[in-house]
$ cat target_3.cif   # mmCIF, C-alpha atoms
data_upload
#
loop_
_atom_site.label_atom_id
_atom_site.label_comp_id
_atom_site.auth_asym_id
_atom_site.auth_seq_id
_atom_site.Cartn_x
_atom_site.Cartn_y
_atom_site.Cartn_z
CA MET A 1 0.00 0.00 0.00
CA THR A 2 1.29 3.44 -0.91
CA PHE A 3 1.08 6.45 1.40
CA GLU A 4 -1.80 7.73 -0.76
CA ASP A 5 -3.64 4.39 -0.32
CA TRP A 6 -3.29 4.71 3.45
CA ILE A 7 -4.71 8.24 3.42
CA PHE A 8 -7.62 7.07 1.23
CA SER A 9 -8.26 4.13 3.51
CA ILE A 10 -8.21 6.22 6.70
CA HIS A 11 -10.40 8.85 4.98
CA LEU A 12 -13.01 6.14 4.35
CA LEU A 13 -12.70 4.84 7.92
CA PHE A 14 -13.57 8.35 9.12
CA ALA A 15 -16.46 8.40 6.63
CA ALA A 16 -17.73 5.06 8.00
CA THR A 17 -17.43 6.47 11.53
CA LEU A 18 -19.42 9.55 10.50
CA VAL A 19 -22.25 7.68 8.76
CA GLY A 20 -22.27 4.91 11.39
CA SER A 21 -22.53 7.45 14.21
CA LEU A 22 -25.40 9.17 12.37
CA VAL A 23 -27.24 5.84 12.16
CA MET A 24 -26.56 5.37 15.87
CA SER A 25 -27.82 8.85 16.74
CA TRP A 26 -31.01 8.26 14.68
CA ILE A 27 -31.66 5.14 16.78
CA VAL A 28 -31.33 7.27 19.93
CA VAL A 29 -33.43 10.13 18.49
CA VAL A 30 -36.28 7.74 17.63
CA SER A 31 -36.05 6.14 21.07
CA MET A 32 -36.11 9.57 22.75
CA ARG A 33 -39.56 10.27 21.30
CA THR A 34 -41.12 7.91 23.85
CA ALA A 35 -38.93 9.01 26.78
CA ASP A 36 -40.96 10.95 29.35
CA THR A 37 -39.02 10.60 32.61
CA PRO A 38 -35.73 12.24 33.66
CA ALA A 39 -34.06 8.85 34.26
CA THR A 40 -34.88 7.56 30.76
CA THR A 41 -33.86 10.85 29.17
CA LEU A 42 -30.51 10.87 30.96
CA SER A 43 -29.73 7.24 30.15
CA LEU A 44 -30.46 7.83 26.45
CA HIS A 45 -28.38 11.00 26.65
CA ARG A 46 -25.37 8.92 27.74
CA VAL A 47 -25.66 6.86 24.54
CA ALA A 48 -26.22 10.03 22.47
CA LEU A 49 -22.99 11.51 23.85
CA VAL A 50 -20.97 8.60 22.43
CA ALA A 51 -22.66 9.06 19.04
CA THR A 52 -21.97 12.80 19.17
CA GLY A 53 -18.28 12.19 19.93
CA ALA A 54 -17.99 9.73 17.03
CA THR A 55 -19.78 12.18 14.69
CA ILE A 56 -17.37 15.00 15.59
CA VAL A 57 -14.35 12.71 15.04
CA GLY A 58 -15.83 11.58 11.70
CA LEU A 59 -16.60 15.14 10.54
CA GLY A 60 -13.08 16.32 11.36
CA GLY A 61 -11.35 13.30 9.85
CA VAL A 62 -13.21 13.23 6.54
CA ILE A 63 -12.64 16.89 5.70
CA VAL A 64 -8.94 17.01 6.64
CA LEU A 65 -8.02 13.77 4.86
CA GLY A 66 -10.43 14.45 1.98
CA ILE A 67 -8.81 17.78 1.13
CA TRP A 68 -5.36 16.27 1.63
CA LEU A 69 -6.28 13.44 -0.75
CA SER A 70 -7.55 15.86 -3.40
CA ILE A 71 -4.14 17.58 -3.26
CA LEU A 72 -2.16 14.30 -3.25
CA ARG A 73 -3.91 12.69 -6.21
CA ILE A 74 -2.80 13.71 -9.67
CA ASP A 75 -6.23 13.17 -11.25
CA PHE A 76 -8.17 15.23 -8.63
CA HIS A 77 -7.90 18.86 -7.48
CA PRO A 78 -9.44 20.72 -4.53
CA TRP A 79 -11.10 23.10 -7.02
CA ASP A 80 -12.87 20.32 -8.99
CA GLY A 81 -16.65 20.86 -9.01
CA TRP A 82 -17.50 17.58 -7.24
CA VAL A 83 -14.86 18.28 -4.55
CA ILE A 84 -16.25 21.78 -3.95
CA ALA A 85 -19.80 20.33 -3.85
CA ALA A 86 -18.64 17.83 -1.21
CA ILE A 87 -17.02 20.59 0.88
CA VAL A 88 -20.21 22.72 0.70
CA LEU A 89 -22.36 19.71 1.68
CA TRP A 90 -19.93 18.91 4.52
CA ALA A 91 -20.29 22.52 5.78
CA VAL A 92 -24.11 22.22 5.64
CA ALA A 93 -24.00 18.86 7.49
CA THR A 94 -21.58 20.20 10.12
CA ALA A 95 -23.61 23.36 10.79
CA ALA A 96 -26.88 21.39 11.04
CA LEU A 97 -25.35 18.72 13.28
CA LEU A 98 -23.71 21.22 15.66
CA ARG A 99 -27.03 23.07 15.95
CA SER A 100 -28.91 19.80 16.51
CA PHE A 101 -26.49 18.84 19.32
CA VAL A 102 -27.60 22.06 21.09
CA GLU A 103 -31.28 21.11 20.59
CA TYR A 104 -30.78 17.61 21.99
CA GLU A 105 -28.81 18.99 24.96
CA LYS A 106 -31.94 20.84 26.15
CA PRO A 107 -33.86 17.73 27.36
CA ALA A 108 -30.76 16.50 29.22
CA ARG A 109 -30.46 19.86 31.02
CA LYS A 110 -34.18 19.79 31.84
CA ALA A 111 -33.93 16.20 33.11
CA LYS A 112 -31.01 17.12 35.39
CA ALA A 113 -33.03 20.08 36.75
CA LEU A 114 -36.02 17.80 37.40
CA VAL A 115 -33.83 15.26 39.21
CA ALA A 116 -32.32 18.07 41.31
CA ALA A 117 -35.87 19.15 42.22
CA ALA A 118 -36.70 15.52 43.16
CA GLN A 119 -39.29 15.28 40.36
CA THR A 120 -38.58 11.85 38.94
CA GLY A 121 -41.96 11.14 37.37
CA ALA A 122 -43.16 11.67 33.79
CA SER A 123 -43.01 15.28 32.63
CA PRO A 124 -44.95 16.62 29.61
CA GLU A 125 -42.42 19.41 29.21
CA LEU A 126 -39.56 16.91 29.09
CA THR A 127 -41.45 14.76 26.57
CA ALA A 128 -41.92 17.84 24.35
CA LEU A 129 -38.19 18.63 24.53
CA ASN A 130 -37.33 15.01 23.68
CA ARG A 131 -39.58 15.29 20.61
CA THR A 132 -37.96 18.53 19.39
CA ALA A 133 -39.11 19.27 15.84
CA THR A 134 -36.17 21.63 15.29
CA GLY A 135 -33.67 18.97 16.33
CA LEU A 136 -35.34 16.42 14.08
CA ALA A 137 -35.36 18.82 11.10
CA LEU A 138 -31.68 19.70 11.61
CA ARG A 139 -30.76 16.02 11.93
CA SER A 140 -32.69 15.27 8.71
CA VAL A 141 -30.94 18.07 6.80
CA ALA A 142 -27.53 16.85 8.03
CA SER A 143 -28.30 13.24 7.12
CA LEU A 144 -29.49 14.24 3.65
CA ALA A 145 -26.31 16.27 3.13
CA VAL A 146 -24.17 13.29 4.19
CA VAL A 147 -26.05 10.94 1.84
CA LEU A 148 -25.50 13.46 -0.99
CA ILE A 149 -21.77 13.56 -0.14
CA VAL A 150 -21.62 9.75 -0.47
CA VAL A 151 -23.46 9.95 -3.83
CA ASP A 152 -21.09 12.74 -4.96
CA MET A 153 -18.04 10.69 -3.90
CA ILE A 154 -19.22 7.60 -5.80
CA TRP A 155 -20.33 9.24 -9.06
CA LYS A 156 -17.84 12.16 -9.00
CA PRO A 157 -19.90 14.28 -11.46
CA GLY A 158 -17.66 16.13 -13.89
CA ALA A 159 -14.51 14.20 -12.94
CA MET O 1 -7.39 2.62 -7.76
CA LEU O 2 -10.63 0.77 -8.48
CA ALA O 3 -12.71 3.82 -7.51
CA ALA O 4 -11.03 5.87 -10.23
CA ILE O 5 -11.59 3.33 -13.01
CA ARG O 6 -14.95 1.91 -11.87
CA PRO O 7 -17.54 1.83 -14.69
CA ASP O 8 -20.71 3.85 -14.01
CA ASN O 9 -22.97 0.76 -14.09
CA GLN O 10 -21.38 -0.41 -10.81
CA SER O 11 -21.97 2.83 -8.92
CA PHE O 12 -25.51 2.08 -7.70
CA ALA O 13 -24.51 -1.39 -6.43
CA LEU O 14 -21.56 0.22 -4.63
CA LEU O 15 -23.84 2.85 -3.08
CA LEU O 16 -26.19 0.13 -1.74
CA HIS O 17 -23.21 -1.89 -0.47
CA LEU O 18 -21.84 1.17 1.38
CA VAL O 19 -25.25 2.12 2.78
CA GLY O 20 -25.72 -1.45 4.07
CA ALA O 21 -22.23 -1.51 5.59
CA THR O 22 -22.60 1.82 7.39
CA VAL O 23 -26.09 0.94 8.67
CA VAL O 24 -24.75 -2.33 10.16
CA PHE O 25 -21.74 -0.50 11.60
CA GLY O 26 -23.99 2.15 13.19
CA ALA O 27 -26.33 -0.51 14.61
CA LEU O 28 -23.38 -2.43 16.07
CA LEU O 29 -22.09 0.75 17.72
CA ALA O 30 -25.58 1.56 19.05
CA CYS O 31 -26.00 -1.98 20.38
CA ALA O 32 -22.61 -2.13 22.10
CA THR O 33 -22.87 1.39 23.55
CA SER O 34 -26.44 0.98 24.83
CA ILE O 35 -25.71 -2.30 26.61
CA LEU O 36 -22.33 -1.08 27.90
CA LEU O 37 -23.86 2.08 29.38
CA SER O 38 -27.12 0.44 30.51
CA ARG O 39 -26.14 -0.04 34.19
CA GLY O 40 -28.77 -2.78 34.17
CA GLU O 41 -31.58 -0.49 32.91
CA ALA O 42 -34.08 -2.55 30.94
CA ARG O 43 -34.78 0.22 28.41
CA LEU O 44 -31.15 0.54 27.28
CA LEU O 45 -30.67 -3.24 27.25
CA ARG O 46 -33.71 -3.55 24.97
CA LEU O 47 -32.56 -0.61 22.83
CA GLY O 48 -29.23 -2.35 22.30
CA TYR O 49 -30.87 -5.58 21.20
CA PHE O 50 -33.52 -4.01 18.97
CA SER O 51 -30.90 -1.79 17.28
CA LEU O 52 -29.23 -4.97 16.15
CA LEU O 53 -32.47 -6.71 15.13
CA LEU O 54 -34.41 -3.88 13.45
CA VAL O 55 -31.55 -1.79 12.03
CA GLY O 56 -28.48 -4.03 11.86
CA LEU O 57 -30.09 -7.10 10.30
CA PRO O 58 -31.68 -5.26 7.32
CA GLY O 59 -28.36 -3.43 6.85
CA LEU O 60 -26.46 -6.73 6.84
CA ILE O 61 -28.82 -8.21 4.24
CA LEU O 62 -28.43 -5.11 2.04
CA LEU O 63 -24.63 -5.18 2.47
CA ARG O 64 -24.40 -8.84 1.47
CA LEU O 65 -26.83 -8.70 -1.49
CA ALA O 66 -25.34 -5.50 -2.92
CA GLY O 67 -21.84 -6.91 -2.34
CA GLU O 68 -22.77 -10.04 -4.31
CA TRP O 69 -24.23 -7.87 -7.10
CA LEU O 70 -21.01 -5.83 -7.25
CA TYR O 71 -18.94 -9.05 -7.22
CA ARG O 72 -20.79 -10.28 -10.29
CA LEU O 73 -20.71 -6.89 -12.05
CA GLN O 74 -16.94 -6.85 -11.61
CA SER O 75 -16.80 -10.47 -12.93
CA TRP O 76 -14.91 -11.84 -9.91
CA ASN O 77 -17.13 -14.95 -10.28
CA LYS O 78 -15.55 -15.56 -13.70
CA LEU O 79 -11.99 -15.53 -12.35
CA PRO O 80 -10.10 -18.61 -13.70
CA SER O 81 -9.57 -21.23 -10.98
CA GLN O 82 -5.75 -21.05 -11.29
CA ILE O 83 -5.82 -17.38 -10.24
CA ASP O 84 -6.28 -16.66 -6.52
CA ARG O 85 -8.82 -14.13 -5.39
CA PRO O 86 -7.16 -11.02 -3.93
CA SER O 87 -6.89 -11.10 -0.13
CA TRP O 88 -8.89 -7.86 0.29
CA LEU O 89 -11.85 -9.63 -1.31
CA ASP O 90 -11.37 -12.67 0.95
CA ILE O 91 -11.30 -10.39 4.01
CA GLY O 92 -14.59 -8.83 2.83
CA PHE O 93 -16.19 -12.28 2.45
CA ILE O 94 -14.90 -13.47 5.84
CA VAL O 95 -16.30 -10.40 7.61
CA ALA O 96 -19.63 -10.50 5.74
CA ASP O 97 -20.24 -14.28 5.89
CA TRP O 98 -18.53 -15.51 9.07
CA GLY O 99 -19.33 -12.18 10.68
CA GLY O 100 -22.92 -12.68 9.53
CA LEU O 101 -23.07 -16.00 11.38
CA LEU O 102 -21.64 -14.35 14.49
CA PHE O 103 -24.25 -11.61 14.05
CA LEU O 104 -27.01 -14.25 14.09
CA VAL O 105 -25.50 -15.81 17.25
CA ALA O 106 -25.58 -12.34 18.86
CA LEU O 107 -29.23 -11.97 17.83
CA VAL O 108 -30.20 -15.35 19.28
CA LEU O 109 -28.38 -14.75 22.58
CA GLY O 110 -29.80 -11.24 22.81
CA GLY O 111 -33.28 -12.47 21.92
CA ILE O 112 -33.21 -15.01 24.76
CA GLY O 113 -31.83 -12.27 27.03
CA VAL O 114 -34.61 -9.81 26.15
CA SER O 115 -37.23 -12.54 26.59
CA ARG O 116 -35.87 -13.44 30.06
CA LEU O 117 -35.74 -9.73 30.90
CA ARG O 118 -39.43 -9.35 29.95
CA ASN O 119 -40.40 -12.37 32.07
CA GLY O 120 -38.32 -11.21 35.03
CA LYS O 121 -36.03 -14.25 34.88
CA GLY O 122 -32.34 -14.08 35.76
CA GLY O 123 -29.42 -14.38 33.38
CA SER O 124 -30.63 -11.74 30.92
CA THR O 125 -27.74 -9.36 31.62
CA ILE O 126 -25.05 -11.93 30.89
CA LEU O 127 -26.78 -12.93 27.64
CA LEU O 128 -27.09 -9.30 26.52
CA ARG O 129 -23.50 -8.63 27.55
CA SER O 130 -22.49 -11.51 25.27
CA THR O 131 -24.40 -9.76 22.47
CA MET O 132 -22.49 -6.57 23.31
CA VAL O 133 -19.10 -8.34 23.16
CA ILE O 134 -19.97 -9.92 19.80
CA SER O 135 -21.09 -6.51 18.51
CA LEU O 136 -17.76 -4.99 19.52
CA VAL O 137 -15.84 -7.83 17.84
CA LEU O 138 -17.94 -7.37 14.67
CA ALA O 139 -17.42 -3.59 14.72
CA VAL O 140 -13.64 -4.17 14.80
CA GLY O 141 -14.09 -6.69 11.96
CA TYR O 142 -15.91 -4.06 9.90
CA VAL O 143 -13.09 -1.56 10.49
CA VAL O 144 -10.60 -4.16 9.18
CA ALA O 145 -12.89 -4.86 6.19
CA VAL O 146 -13.18 -1.14 5.33
CA TRP O 147 -9.38 -0.83 5.53
CA ALA O 148 -8.84 -3.94 3.36
CA MET O 149 -11.50 -3.16 0.76
CA THR O 150 -10.44 0.47 0.31
CA GLY O 151 -6.65 0.13 0.67
CA LYS O 152 -6.56 -3.18 -1.27
CA PRO O 153 -3.26 -4.26 0.36
CA ASN O 154 -2.30 -6.73 -2.41
#
$ encode --input "target_3.cif" --output "structure tokens"
Amino acid sequence: MTFEDWIFSIHLLFAATLVGSLVMSWIVVVSMRTADTPATTLSLHRVALVATGATIVGLGGVIVLGIWLSILRIDFHPWDGWVIAAIVLWAVATAALLRSFVEYEKPARKAKALVAAAQTGASPELTALNRTATGLALRSVASLAVVLIVVDMIWKPGA
Amino acid sequence: MLAAIRPDNQSFALLLHLVGATVVFGALLACATSILLSRGEARLLRLGYFSLLLVGLPGLILLRLAGEWLYRLQSWNKLPSQIDRPSWLDIGFIVADWGGLLFLVALVLGGIGVSRLRNGKGGSTILLRSTMVISLVLAVGYVVAVWAMTGKPN
């Protein structure tokens, strides 16, 4: 394996981490929709934190190694249309994901406040926060952008 | 690199193969993490198991079928018998097929564990922890497969 092969391989490992962590976070997001107590919310939040960490690692790794790869490879350039499209989609996905992390942090904060106030039963307010429409929309936009990046990477339009 | 010279008619099969692989990988991570962080909570134990059953299993089927489609499109099935298959392809088959069997073992153990959990019988945690360990082993296997199939070491 050449150095370039290693970079390509690690780039795709980061991509697998990113998409895999998105799948994982969707599982948690769907599960959160039926969570109505502070204990359930906080336990799902623990799992979500691992997914968030993996997503951040994946986002960082794919962009750094992706741009590096487009410089290393003779047949690709960072200014190629499909590379620029991927960078724009990555920026959209990153912005939407970072904003969605803030949205999904709100129920965890509320759950901690309820526990501190010794209110451990079901809370309609907590349920509403767990079912955040904004968070869901942001997560959907980010996931769509990531799927489009994968499509762009496979077909490489204009390359 | 194969990606650079791949004919367009293989792109859709590759997309499905990648989608299947990442869905399985995500489900394995969700399963292992949920059970690992469950602290005995039934909800997280169940979440771990059902991630594997409802998300991982369809992903594995998609990965394997699309992989087979790609294998045939690239005519690996027409390789003369005197020529050995490349090791990156063998690694992919080992992880998909033997890993698939291990995946089914994890599902069976986890299924018994979830059933015992529902009926309030003992032993569910150890069964679901076995599912978690298998999920972690499979996740490592998938990392090796991604490395082998993209880097194509030989």
$ resolve_selection --input "target_3.cif" --expression "the PyMOL selection byres ((chain A and resi 119-125) around 10)" --output "VMD selection string"
chain A and resid 35 to 40 107 110 to 118 126 to 131
$ interface_residues --input "target_3.cif" --of "chain A" --to "chain O" --cutoff "9 Å" --atoms "all atoms listed in the file" --output "PyMOL selection string"
chain A and resi 1-2+5-10+12-13+16-25+27-28+31+40+43-44+46-47+50-51+75+147+150-151+154-155
$ atom_distance --input "target_3.cif" --atom1 "CA of Ala108 in chain A" --atom2 "CA of Thr132 in chain A"
12.4 Å
$ residues_around --input "target_3.cif" --residues "Ile74 in chain A" --least-positions-apart "4" --cutoff "12 Å" --atoms "only C-alpha atoms" --output "PDB file with C-alpha atoms, keeping the file's coordinate frame"
ATOM      1  CA  GLU A   4      -1.800   7.730  -0.760  1.00  0.00           C
ATOM      2  CA  TRP A  68      -5.360  16.270   1.630  1.00  0.00           C
ATOM      3  CA  LEU A  69      -6.280  13.440  -0.750  1.00  0.00           C
ATOM      4  CA  SER A  70      -7.550  15.860  -3.400  1.00  0.00           C
ATOM      5  CA  PRO A  78      -9.440  20.720  -4.530  1.00  0.00           C
TER       6      PRO A  78
ATOM      7  CA  ALA O   4     -11.030   5.870 -10.230  1.00  0.00           C
TER       8      ALA O   4
END
$ closest_residue --input "target_3.cif" --among "O:Thr125, O:Ser135, O:Ser87, O:Ser81" --to "Leu107 in chain O" --atoms "only C-alpha atoms"
O:Ser135
$ closest_residue --input "target_3.cif" --among "O:Arg129, O:Arg85, O:Lys121, O:His17" --to "Ala66 in chain O" --atoms "all atoms listed in the file"
O:His17
$ axis_aligned_box --input "target_3.cif" --around "range 145-153 of chain O" --padding-each-side "8 Å" --output "lines of an AutoDock Vina configuration file"
center_x = -8.2
center_y = -2.2
center_z = 2.5
size_x = 25.9
size_y = 21.3
size_z = 23.5
$ closest_residue --input "target_3.cif" --among "O:Pro86, O:Gly40, O:Gly110, O:Pro58" --to "Ile134 in chain O" --atoms "all atoms listed in the file"
O:Gly110
$ atom_distance --input "target_3.cif" --atom1 "CA of Leu73 in chain O" --atom2 "CA of Leu138 in chain O"
26.9 Å
$ atom_distance --input "target_3.cif" --atom1 "CA of Asp152 in chain A" --atom2 "CA of Trp82 in chain A"
6.4 Å
$ closest_residue --input "target_3.cif" --among "O:Leu63, O:Gly123, O:Ser75, O:Val133" --to "Val105 in chain O" --atoms "all atoms listed in the file"
O:Val133
$ resolve_selection --input "target_3.cif" --expression "the PyMOL selection byres ((chain A and resi 102) around 12)" --output "list in words"
Leu49, Thr52, Ala95, Ala96, Leu97, Leu98, Arg99, Ser100, Phe101, Glu103, Tyr104, Glu105, Lys106, Pro107, Ala108, Arg109, Leu129, Thr132, Thr134, Gly135, Leu136, Leu138 and Arg139 of chain A
$ write_last_selection --input "target_3.cif" --atoms "C-alpha atoms" --output "short mmCIF file (atom, residue, chain, number, x, y, z; two decimals), in the coordinates of the input"
data_model
loop_
_atom_site.label_atom_id
_atom_site.label_comp_id
_atom_site.auth_asym_id
_atom_site.auth_seq_id
_atom_site.Cartn_x
_atom_site.Cartn_y
_atom_site.Cartn_z
CA LEU A 49 -22.99 11.51 23.85
CA THR A 52 -21.97 12.80 19.17
CA ALA A 95 -23.61 23.36 10.79
CA ALA A 96 -26.88 21.39 11.04
CA LEU A 97 -25.35 18.72 13.28
CA LEU A 98 -23.71 21.22 15.66
CA ARG A 99 -27.03 23.07 15.95
CA SER A 100 -28.91 19.80 16.51
CA PHE A 101 -26.49 18.84 19.32
CA GLU A 103 -31.28 21.11 20.59
CA TYR A 104 -30.78 17.61 21.99
CA GLU A 105 -28.81 18.99 24.96
CA LYS A 106 -31.94 20.84 26.15
CA PRO A 107 -33.86 17.73 27.36
CA ALA A 108 -30.76 16.50 29.22
CA ARG A 109 -30.46 19.86 31.02
CA LEU A 129 -38.19 18.63 24.53
CA THR A 132 -37.96 18.53 19.39
CA THR A 134 -36.17 21.63 15.29
CA GLY A 135 -33.67 18.97 16.33
CA LEU A 136 -35.34 16.42 14.08
CA LEU A 138 -31.68 19.70 11.61
CA ARG A 139 -30.76 16.02 11.93
#
$ residues_around --input "target_3.cif" --residues "Arg118 in chain O" --least-positions-apart "6" --cutoff "12 Å" --atoms "all atoms listed in the file" --output "ChimeraX atom specification"
/O:42-43,45-46,111-112,124-125
$ closest_residue --input "target_3.cif" --among "A:Arg33, A:Phe3, A:Gly60, A:Ala54" --to "Ile87 in chain A" --atoms "all atoms listed in the file"
A:Gly60
$ decode --input "target_3.cif" --residues "range 15-33 of chain O" --atoms "N, CA and C atoms" --output "PDB file, in the first residue's frame"
ATOM      1  N   LEU O  15     -23.123   1.975  -4.031  1.00  0.00           N
ATOM      2  CA  LEU O  15     -23.845   2.847  -3.081  1.00  0.00           C
ATOM      3  C   LEU O  15     -24.646   1.993  -2.087  1.00  0.00           C
ATOM      4  N   LEU O  16     -25.383   0.995  -2.621  1.00  0.00           N
ATOM      5  CA  LEU O  16     -26.192   0.134  -1.741  1.00  0.00           C
ATOM      6  C   LEU O  16     -25.298  -0.657  -0.782  1.00  0.00           C
ATOM      7  N   HIS O  17     -24.166  -1.129  -1.294  1.00  0.00           N
ATOM      8  CA  HIS O  17     -23.212  -1.887  -0.466  1.00  0.00           C
ATOM      9  C   HIS O  17     -22.705  -1.006   0.683  1.00  0.00           C
ATOM     10  N   LEU O  18     -22.354   0.239   0.358  1.00  0.00           N
ATOM     11  CA  LEU O  18     -21.841   1.166   1.378  1.00  0.00           C
ATOM     12  C   LEU O  18     -22.923   1.540   2.387  1.00  0.00           C
ATOM     13  N   VAL O  19     -24.141   1.769   1.880  1.00  0.00           N
ATOM     14  CA  VAL O  19     -25.250   2.115   2.784  1.00  0.00           C
ATOM     15  C   VAL O  19     -25.483   0.953   3.759  1.00  0.00           C
ATOM     16  N   GLY O  20     -25.526  -0.267   3.215  1.00  0.00           N
ATOM     17  CA  GLY O  20     -25.716  -1.446   4.070  1.00  0.00           C
ATOM     18  C   GLY O  20     -24.621  -1.557   5.116  1.00  0.00           C
ATOM     19  N   ALA O  21     -23.371  -1.372   4.673  1.00  0.00           N
ATOM     20  CA  ALA O  21     -22.226  -1.508   5.592  1.00  0.00           C
ATOM     21  C   ALA O  21     -22.283  -0.470   6.714  1.00  0.00           C
ATOM     22  N   THR O  22     -22.597   0.775   6.356  1.00  0.00           N
ATOM     23  CA  THR O  22     -22.596   1.817   7.394  1.00  0.00           C
ATOM     24  C   THR O  22     -23.799   1.677   8.337  1.00  0.00           C
ATOM     25  N   VAL O  23     -24.914   1.171   7.798  1.00  0.00           N
ATOM     26  CA  VAL O  23     -26.085   0.942   8.665  1.00  0.00           C
ATOM     27  C   VAL O  23     -25.759  -0.166   9.689  1.00  0.00           C
ATOM     28  N   VAL O  24     -25.132  -1.246   9.223  1.00  0.00           N
ATOM     29  CA  VAL O  24     -24.750  -2.326  10.160  1.00  0.00           C
ATOM     30  C   VAL O  24     -23.758  -1.783  11.191  1.00  0.00           C
ATOM     31  N   PHE O  25     -22.772  -1.038  10.708  1.00  0.00           N
ATOM     32  CA  PHE O  25     -21.737  -0.497  11.602  1.00  0.00           C
ATOM     33  C   PHE O  25     -22.383   0.391  12.677  1.00  0.00           C
ATOM     34  N   GLY O  26     -23.296   1.269  12.248  1.00  0.00           N
ATOM     35  CA  GLY O  26     -23.995   2.148  13.192  1.00  0.00           C
ATOM     36  C   GLY O  26     -24.823   1.355  14.194  1.00  0.00           C
ATOM     37  N   ALA O  27     -25.504   0.313  13.715  1.00  0.00           N
ATOM     38  CA  ALA O  27     -26.328  -0.511  14.612  1.00  0.00           C
ATOM     39  C   ALA O  27     -25.458  -1.259  15.614  1.00  0.00           C
ATOM     40  N   LEU O  28     -24.297  -1.737  15.156  1.00  0.00           N
ATOM     41  CA  LEU O  28     -23.378  -2.429  16.074  1.00  0.00           C
ATOM     42  C   LEU O  28     -22.882  -1.470  17.157  1.00  0.00           C
ATOM     43  N   LEU O  29     -22.553  -0.246  16.744  1.00  0.00           N
ATOM     44  CA  LEU O  29     -22.093   0.755  17.723  1.00  0.00           C
ATOM     45  C   LEU O  29     -23.212   1.087  18.712  1.00  0.00           C
ATOM     46  N   ALA O  30     -24.432   1.245  18.179  1.00  0.00           N
ATOM     47  CA  ALA O  30     -25.579   1.564  19.054  1.00  0.00           C
ATOM     48  C   ALA O  30     -25.838   0.425  20.030  1.00  0.00           C
ATOM     49  N   CYS O  31     -25.758  -0.807  19.530  1.00  0.00           N
ATOM     50  CA  CYS O  31     -25.996  -1.980  20.377  1.00  0.00           C
ATOM     51  C   CYS O  31     -24.951  -2.051  21.491  1.00  0.00           C
ATOM     52  N   ALA O  32     -23.688  -1.994  21.102  1.00  0.00           N
ATOM     53  CA  ALA O  32     -22.606  -2.130  22.095  1.00  0.00           C
ATOM     54  C   ALA O  32     -22.663  -0.996  23.119  1.00  0.00           C
ATOM     55  N   THR O  33     -22.866   0.233  22.639  1.00  0.00           N
ATOM     56  CA  THR O  33     -22.868   1.385  23.555  1.00  0.00           C
ATOM     57  C   THR O  33     -24.059   1.324  24.510  1.00  0.00           C
TER      58      THR O  33
END
